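What follows is a set of notes on a single structure, which appears directly below.
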Amino acid sequence: ALEVLHTELDSTQVLASVIVKDGYIVDEYYKDGYDENSVFPLHSCSKSITSALVGIAIDQGYIESVDVPISEYFPQILESDHTNLKQITIRHLLTHTSGIQSSDDEVWEQWRNSENWVDFVLNRPVTSEPGTVFSYSTGGTHLLAAILQQATGKTVYDFGKEVLFDPLDMDSVQCGTDPQGISDGGNGFAMNVYDMAKFGQLYLNGGVWEGKPIISPEWVEASTHLQFERSTGSADYGYQWWVRTFGEKNYDAFFAQGHGGQYIFVIPDLELVIVFTSNHTGSSSMYWQFVSDIVAACAE
């Protein structure tokens, strides 16, 4: 199955892949010019990293719970006449159901080039009642990064180094910032495929790494199970993780997904982690097929 996979990958824009089974790396694939030390932009896989750090911040008492109104961190909201804006909680940001009009559309470049990313997002129209409509928004995740920085007194990257990256020896991690120095938690992380696989394995292990608890099992469970059922698409949503099933036996799975074909798939029942990093602008359906084929080979 792996030989077939490698042959198929040769004709794609997948740059690197790692498969971890039962805690062991069983397969690696690299296009010419890339290896296990190459650092790749995660794009929206960054959201799952930020979600982990929100969970750790809650575990450590920096943030009370997912039901805290975000107005506690952005008091300018309280001056707004918009009732729905005042009802938005951290949970709504985690599930892309804040109701704030998305930044991932025609205003993307305008947002990214703005002088203040947080203010730009908070000044977007609120088009639905919080908790009712799924609208994917990197800007919403950036608000989570800003909340983390206020709550912990550290950037998402610095807090992450302390509580996540260094404990897992994730030495390749990088992260960009906005003009105010707030980590780009929605789109800005980069790392090598080994560190991507470690992050997936941590979640597979229920938040434990080499016997040491890193993330509470309760947060891992809540994050990687259905929090919002979407009416379209091939996956539903947890807390900044996508959730769906794979294989004939419908194995439960969760995954991080980033623009251009960056993925961290976790299939717990098979003790399986699959990482892809790519420069792919087409349909994501080929990744579903790759994962389905690998799942089928593991399940035989």
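FYI, nothing fancy with the structure tokens labels: chains A, B, ... in order, residues from 1 per chain, ligands from 1 as they appear.
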
Kindly assemble as a tab-separated table a list of the stretch 213-245 of chain A residues that lie within 10 Å of stretch 178-202 of chain A, each paired with its nearest atom pair and their distance in Å to one decimal, using only C-alpha atoms, sorted first by chain and then by ascending residue number.
```
residue	atom	partner	partner_atom	distance
A:Pro213	CA	A:Leu202	CA	9.5
A:Ile214	CA	A:Leu202	CA	8.2
A:Ile215	CA	A:Leu202	CA	8.5
A:Val220	CA	A:Leu202	CA	9.4
A:Gln240	CA	A:Gly186	CA	9.5
```

Restrict the selected residues to C-alpha atoms and save them as a PDB file, in the first residue's frame.
```pdb
ATOM      1  CA  PRO A 213       0.262  15.460  30.809  1.00  0.00           C
ATOM      2  CA  ILE A 214       0.463  18.394  28.388  1.00  0.00           C
ATOM      3  CA  ILE A 215      -3.227  18.988  27.560  1.00  0.00           C
ATOM      4  CA  VAL A 220      -8.666  16.810  23.723  1.00  0.00           C
ATOM      5  CA  GLN A 240     -10.534  24.357  15.542  1.00  0.00           C
TER       6      GLN A 240
END
```

Legend entry - Residues near A:Phe228, cut-off 8 Å, only C-alpha atoms, skip fewer than 3 positions along chain, as a list of chain:residue names: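 Those residues are A:Thr95, A:Phe134, A:Asp236, A:Tyr237, A:Gly238.
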
Inset, instruction - For each of A:Thr138, A:Thr12, A:Asn279, A:Gln60, take the minimum atom-to-atom distance to A:Gly260, counting only C-alpha atoms, then give the residue where this is smallest. - result: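 Smallest separation from A:Gly260 among the options: A:Asn279.
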
Legend entry - Spatial neighbours of A:Pro130, 6 Å, only C-alpha atoms, chain gap at least 4 places, as a PyMOL selection string: chain A and resi 88+97-99

Inset, instruction - Assign secondary structure with DSSP using the backbone only, and return the residues of stretch 69-151 of chain A in alpha helix (DSSP H) as an NGL selection string. - result: :A and (83-87 or 90-94 or 108-112 or 117-122 or 138-151)

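Closest approach to A:Gly207 from the set A:Val118, A:Ile294, A:Val68, A:Ala222 is made by A:Ala222, with distances taken over only C-alpha atoms.
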
Inset, instruction - List the neighbours of stretch 31-33 of chain A out to 10 Å using only C-alpha atoms; skip same-chain residues closer than 5 positions along the sequence, and give me the result as a PyMOL selection string. - result: chain A and resi 9-10+12-17+38

Legend entry - One-decimal distance in Å that lies between atom CA of A:Tyr251 and atom CA of A:Val18: 19.8 Å

Inset, instruction - Run DSSP on the backbone of this structure and report the residues of stretch 160-252 of chain A it assigns to strand (DSSP E or B), as a ChimeraX atom specification. - result: /A:174-175,177,183,189-191,208-209,212-213,228,236-237,242-246,251-252

Inset, instruction - Find, counting only C-alpha atoms, the residue in A:Gly258, A:Gly140, A:Pro167, A:Gly247 that gets nearest to A:Lys212. - result: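 Smallest separation from A:Lys212 among the options: A:Pro167.
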
Legend entry - Shell around stretch 104-109 of chain A at 10 Å using only C-alpha atoms, local window under 5 positions removed, as a list of chain:residue names: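 Near stretch 104-109 of chain A, the qualifying residues are A:Ser114, A:Ser135, A:Tyr136, A:Ser137, A:Thr138, A:Gly139.
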
Restrict the selected residues to C-alpha atoms and save them as an mmCIF file, in the first residue's frame.
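Contents of out18.cif, as written:
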```
data_model
loop_
_atom_site.group_PDB
_atom_site.id
_atom_site.type_symbol
_atom_site.label_atom_id
_atom_site.label_comp_id
_atom_site.auth_asym_id
_atom_site.auth_seq_id
_atom_site.Cartn_x
_atom_site.Cartn_y
_atom_site.Cartn_z
ATOM 1 C CA SER A 114 -4.594 46.614 7.800
ATOM 2 C CA SER A 135 -18.669 30.778 8.930
ATOM 3 C CA TYR A 136 -14.987 29.884 8.658
ATOM 4 C CA SER A 137 -12.872 32.842 9.745
ATOM 5 C CA THR A 138 -9.142 33.136 10.318
ATOM 6 C CA GLY A 139 -9.929 36.495 11.882
#
```

Legend entry - Surrounding residues of stretch 150-162 of chain A excluding itself and chain neighbours under 5 positions, 10 Å, only C-alpha atoms, as number ranges by chain: A: 49-50, 52-54, 56-58, 60-64, 73-74, 144-145, 167-171, 173-177, 181-185, 189

Legend entry - Atom pair atom CA of A:Trp242 / atom CA of A:Ala256: separation (Å): 6.3 Å
